[in-house]
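Student: Structure provided below as structure tokens; questions to follow.
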Amino acid sequence: MNITFLGGGNMASALIGGLLERGFAAAGIQVIELGAEGRERLAARFGVRAVEAVDATALACDVLVLAVKPQQMKAALAPLAGRLSNQLVISIAAGLRLADLGRWLGTPGAPYTRLVRCMPNTPALIGAGVTGLYADPSVDAAGRAAAGRILAAVGSTVWADDEERMDAVTAISGSGPAYVFHFIEALEAAGRALGFDEAGARRLAIDTVLGAARLAADSGDSPAVLRQNVTSKGAPPRPPSPAWRRPAGTTSWSRRCTRPRRAVARWAPNSAGTKRCWPTSSC
Ligand SMILES: NC(=O)C1=CN([C@@H]2O[C@H](COP(=O)(O)OP(=O)(O)OC[C@H]3O[C@@H](n4cnc5c(N)ncnc54)[C@H](OP(=O)(O)O)[C@@H]3O)[C@@H](O)[C@H]2O)C=CC1
Ligand SMILES: O=C(O)[C@@H]1CCC=N1
């Protein structure tokens with residue numbers, strides 16, 4: 001299988017790295033990449049052929065992977081329009097529909113249909129990605145298998161039976177790493193605020209997420225059960241010290257706050273029975 005990548009940025013590099021690690025020959029991969037620096041990097045890092053524009057060698061492939069930014073796609077496909085001869089085309093671009101890609105790649109009145117739409121994610125860079133795939137109904141089993149093999153080089157794969165699901169994949173696993181990184185940032189910031197140095201706070205934050213993800217993957221228990229195992233119920237709510245008072249009929253305790261300029265603090269058990277203390281708005 002010869003593969004040509006259109007666009008040689010982050011995601012194409014992740015896929016190429018994964019394919020090479022899985023034993024795919026560098027001689028079977030070429031990249032069309034606009035940037036001279038990018039071409040040099042690809043050739044040096046992976047030993048693949050990297051060219052600036054579509055040429056006959058790049059066109060003579062079995063699979064064409066579209067890996068430019070969505071807003072670059074229409075212009076990038078213009079030199080290919082009407083020139084494909086049954087290559088399997090795999091798009092990893094967010095939000096671009098097969099109907100549009102087919103129109104841009106085909107000729108007037110004859111859209112190109114041997115298309116598979118995919119949505120990987122950035123953990124693909126270390127072979128730990130997950131990719132959603134959807135194939136045009138005209139793609140045969142061999143085409144679907146080829147697309148599945150290529151994306152499996154950088155992680156797991158999930159097929160969708162409706163193209164609309166691809167937008168859901170983009171929201172959930174395509175964009176999901178950003179939520180997780182944001183969560184890690186927040187855990188790290190909490191560690192820093194509570195006295196750890198940067199290295200310690202980062203270790204606590206990253207290893208928490210890593211360990212929790214591994215446990216979710218390996219334990220056989222559902223994420224809901226694993227969560228409940230952490231937020232164990234049972235201890236009756238108690239105030240943190242005798243200085244706290246709970247007004248009758250309420251579920252939270254108050255006391256004069258010891259911090260300067262803060263008159264009142266409030267403490268209450270959360271739904272899982274663990275303690276939380278925060279200054280009230282009147283502080
Ligand atoms: N980042 C993510 O989390 C994910 C991204 N994707 C999708 O992957 C695709 C690629 O994203 P990513 O790798 O992050 O983007 P990058 O910007 O890193 O890579 C795109 C590359 O394509 C080059 N390029 C632009 N126009 C052309 C052209 N006409 N011919 C050849 N090369 C061209 C760009 O060069 P230059 O820089 O000079 O413009 C750039 O090197 C996007 O469509 C994105 O939606 C999918 C899943 C996750
Ligand atoms: O911006 C993008 O293209 C990618 C796709 C999923 C998340 N970000």
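Residues are named by chain letter and number: chains run A, B, ... in the order of the structure tokens, numbers start at 1 in each chain, and ligands are numbered from 1 in the order shown.
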Around ligand 2, out to 10 Å and counting only C-alpha atoms and all ligand atoms, which residues are there? I want them as a PyMOL selection string.
Tutor: chain A and resi 11+67-71+92-95+119-122+167+169-178
Student: Just the residues within 12 Å of Arg203 (chain A), please, counting only C-alpha atoms, with nothing from its chain fewer than 2 positions along; format it as a PyMOL selection string.
Tutor: chain A and resi 184-185+187-189+191-192+196-201+205-211
Student: Just the selected residues (C-alpha atoms), exported as a short mmCIF file (atom, residue, chain, number, x, y, z; two decimals), in the first residue's frame, please.
Tutor:
data_model
loop_
_atom_site.label_atom_id
_atom_site.label_comp_id
_atom_site.auth_asym_id
_atom_site.auth_seq_id
_atom_site.Cartn_x
_atom_site.Cartn_y
_atom_site.Cartn_z
CA ILE A 184 -4.71 18.73 34.52
CA GLU A 185 -3.84 22.44 34.46
CA LEU A 187 -5.24 20.21 39.37
CA GLU A 188 -1.68 21.45 38.99
CA ALA A 189 -2.71 25.01 39.85
CA GLY A 191 -1.33 21.84 43.99
CA ARG A 192 0.75 24.99 43.50
CA PHE A 196 3.72 22.20 46.18
CA ASP A 197 6.49 23.22 43.84
CA GLU A 198 5.83 23.05 40.10
CA ALA A 199 7.35 19.60 39.62
CA GLY A 200 5.46 18.11 42.55
CA ALA A 201 2.14 19.71 41.60
CA ALA A 205 -1.94 16.19 38.55
CA ILE A 206 -0.66 14.10 35.63
CA ASP A 207 -0.31 10.83 37.53
CA THR A 208 -3.84 11.25 38.91
CA VAL A 209 -5.28 11.43 35.40
CA LEU A 210 -2.98 8.73 34.05
CA GLY A 211 -3.76 6.35 36.91
#
Student: Can you pull out every residue from region 19-220 of chain A that DSSP, working from the backbone, puts in alpha helix (DSSP H), and format the result as a PyMOL selection string?
Tutor: chain A and resi 19-21+36-46+56-59+70-77+98-105+141-152+165-169+176-193+198-218
Student: Could those selected residues go to a file with C-alpha atoms, as an mmCIF file, in the first residue's frame?
Tutor:
data_model
loop_
_atom_site.group_PDB
_atom_site.id
_atom_site.type_symbol
_atom_site.label_atom_id
_atom_site.label_comp_id
_atom_site.auth_asym_id
_atom_site.auth_seq_id
_atom_site.Cartn_x
_atom_site.Cartn_y
_atom_site.Cartn_z
ATOM 1 C CA LEU A 19 2.795 3.623 10.508
ATOM 2 C CA LEU A 20 6.605 3.411 10.558
ATOM 3 C CA GLU A 21 6.555 2.011 14.083
ATOM 4 C CA ALA A 36 10.077 24.040 3.092
ATOM 5 C CA GLU A 37 10.959 23.607 6.772
ATOM 6 C CA GLY A 38 8.182 21.077 7.147
ATOM 7 C CA ARG A 39 9.430 19.087 4.159
ATOM 8 C CA GLU A 40 12.982 19.022 5.543
ATOM 9 C CA ARG A 41 11.711 17.915 8.950
ATOM 10 C CA LEU A 42 9.597 15.119 7.463
ATOM 11 C CA ALA A 43 12.414 13.837 5.271
ATOM 12 C CA ALA A 44 14.968 13.956 8.110
ATOM 13 C CA ARG A 45 12.713 12.483 10.799
ATOM 14 C CA PHE A 46 10.945 9.786 8.818
ATOM 15 C CA ALA A 56 2.709 12.223 -10.880
ATOM 16 C CA THR A 57 4.583 10.190 -8.219
ATOM 17 C CA ALA A 58 2.447 11.593 -5.432
ATOM 18 C CA LEU A 59 -0.680 10.839 -7.429
ATOM 19 C CA PRO A 70 -10.230 22.482 7.127
ATOM 20 C CA GLN A 71 -9.983 26.081 5.925
ATOM 21 C CA GLN A 72 -7.039 25.125 3.666
ATOM 22 C CA MET A 73 -8.753 22.102 2.155
ATOM 23 C CA LYS A 74 -10.659 23.512 -0.807
ATOM 24 C CA ALA A 75 -7.571 25.270 -2.208
ATOM 25 C CA ALA A 76 -5.344 22.276 -1.449
ATOM 26 C CA LEU A 77 -7.672 19.913 -3.368
ATOM 27 C CA LEU A 98 -17.843 13.937 2.398
ATOM 28 C CA ALA A 99 -20.245 15.633 -0.031
ATOM 29 C CA ASP A 100 -18.044 18.757 -0.088
ATOM 30 C CA LEU A 101 -14.791 16.813 -0.370
ATOM 31 C CA GLY A 102 -16.321 14.721 -3.168
ATOM 32 C CA ARG A 103 -17.370 17.846 -5.050
ATOM 33 C CA TRP A 104 -13.935 19.453 -4.683
ATOM 34 C CA LEU A 105 -12.140 16.267 -5.789
ATOM 35 C CA ALA A 141 -14.840 -3.728 2.539
ATOM 36 C CA ALA A 142 -11.210 -3.592 1.352
ATOM 37 C CA GLY A 143 -11.285 0.220 1.438
ATOM 38 C CA ARG A 144 -12.773 0.269 4.929
ATOM 39 C CA ALA A 145 -10.207 -2.273 6.101
ATOM 40 C CA ALA A 146 -7.333 -0.187 4.660
ATOM 41 C CA ALA A 147 -8.592 2.962 6.394
ATOM 42 C CA GLY A 148 -9.034 1.051 9.654
ATOM 43 C CA ARG A 149 -5.470 -0.325 9.434
ATOM 44 C CA ILE A 150 -3.947 3.126 8.828
ATOM 45 C CA LEU A 151 -5.728 4.770 11.756
ATOM 46 C CA ALA A 152 -5.130 1.738 14.001
ATOM 47 C CA ARG A 165 -21.876 10.986 14.312
ATOM 48 C CA MET A 166 -18.550 12.363 13.089
ATOM 49 C CA ASP A 167 -19.390 15.769 14.543
ATOM 50 C CA ALA A 168 -20.048 14.024 17.859
ATOM 51 C CA VAL A 169 -16.667 12.263 17.588
ATOM 52 C CA GLY A 176 -11.632 15.734 24.414
ATOM 53 C CA PRO A 177 -7.873 15.911 25.073
ATOM 54 C CA ALA A 178 -8.204 19.696 25.462
ATOM 55 C CA TYR A 179 -10.704 19.210 28.324
ATOM 56 C CA VAL A 180 -8.392 16.701 29.974
ATOM 57 C CA PHE A 181 -5.372 19.000 29.624
ATOM 58 C CA HIS A 182 -7.434 21.845 31.061
ATOM 59 C CA PHE A 183 -8.382 19.625 34.013
ATOM 60 C CA ILE A 184 -4.710 18.734 34.525
ATOM 61 C CA GLU A 185 -3.844 22.445 34.460
ATOM 62 C CA ALA A 186 -6.478 23.076 37.144
ATOM 63 C CA LEU A 187 -5.244 20.215 39.367
ATOM 64 C CA GLU A 188 -1.682 21.449 38.988
ATOM 65 C CA ALA A 189 -2.710 25.010 39.845
ATOM 66 C CA ALA A 190 -4.476 23.721 42.966
ATOM 67 C CA GLY A 191 -1.332 21.839 43.987
ATOM 68 C CA ARG A 192 0.754 24.987 43.500
ATOM 69 C CA ALA A 193 -1.745 27.099 45.459
ATOM 70 C CA GLU A 198 5.826 23.049 40.099
ATOM 71 C CA ALA A 199 7.345 19.600 39.619
ATOM 72 C CA GLY A 200 5.459 18.114 42.547
ATOM 73 C CA ALA A 201 2.141 19.711 41.602
ATOM 74 C CA ARG A 202 2.488 18.532 38.000
ATOM 75 C CA ARG A 203 3.390 14.995 39.065
ATOM 76 C CA LEU A 204 0.316 14.849 41.324
ATOM 77 C CA ALA A 205 -1.938 16.192 38.549
ATOM 78 C CA ILE A 206 -0.660 14.097 35.631
ATOM 79 C CA ASP A 207 -0.315 10.830 37.527
ATOM 80 C CA THR A 208 -3.836 11.247 38.909
ATOM 81 C CA VAL A 209 -5.282 11.433 35.401
ATOM 82 C CA LEU A 210 -2.980 8.729 34.051
ATOM 83 C CA GLY A 211 -3.755 6.351 36.912
ATOM 84 C CA ALA A 212 -7.494 7.032 36.808
ATOM 85 C CA ALA A 213 -7.598 6.438 33.032
ATOM 86 C CA ARG A 214 -5.644 3.192 33.401
ATOM 87 C CA LEU A 215 -7.950 2.044 36.189
ATOM 88 C CA ALA A 216 -11.014 2.907 34.065
ATOM 89 C CA ALA A 217 -9.545 0.939 31.150
ATOM 90 C CA ASP A 218 -8.405 -2.114 33.122
#
Student: Run DSSP on the backbone of this structure and report the residues of region 69-215 of chain A it assigns to strand (DSSP E), as a list in words.
Tutor: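 Output for region 69-215 of chain A, strand (DSSP E) only: Leu88, Val89, Ile90, Ser91, Leu115, Val116, Arg117, Cys118, Met119, Gly129, Val130, Thr131, Gly132, Leu133, Tyr134, Ala135, Gly155, Ser156, Thr157, Val158 and Trp159 of chain A.
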Student: Which one is closest to Leu88 (chain A): A:Thr231, A:Tyr134, A:Leu194, A:Ile3? Count only C-alpha atoms.
Tutor: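 Looking only at the distances to Leu88 (chain A), the closest residue turns out to be A:Ile3.
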Student: I'd like the contact shell of Gly127 (chain A) - 9 Å cut-off, only C-alpha atoms, skipping same-chain residues fewer than 4 positions apart - returned as a ChimeraX atom specification.
Tutor: /A:14-15,17-18,123,152-156
Student: Write out as a ChimeraX atom specification which residues come within 6 Å of Cys118 (chain A) when counting only C-alpha atoms, dropping same-chain ones fewer than 5 positions away.
Tutor: /A:91-92,132-133
Student: At what distance in Å, to one decimal, does CA of Ala124 (chain A) lie from CA of Gly9 (chain A)?
Tutor: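 Straight-line distance from CA of Gly9 (chain A) to CA of Ala124 (chain A) works out to 13.0 Å.
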Student: Let me make sure I understand: among A:Leu115, A:Leu6, A:Leu80, A:Val89, which one has the smallest atom-to-atom distance to ligand 1 if we use only C-alpha atoms and all ligand atoms?
Tutor: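 Comparing A:Leu115, A:Leu6, A:Leu80, A:Val89 against ligand 1, the winner is A:Leu6.
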Student: A:Val225, A:Val48, A:Ala53, A:Val139: which is nearest Ala78 (chain A), counting only C-alpha atoms?
Tutor: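 Ranked by minimum distance to Ala78 (chain A), first place goes to A:Ala53.
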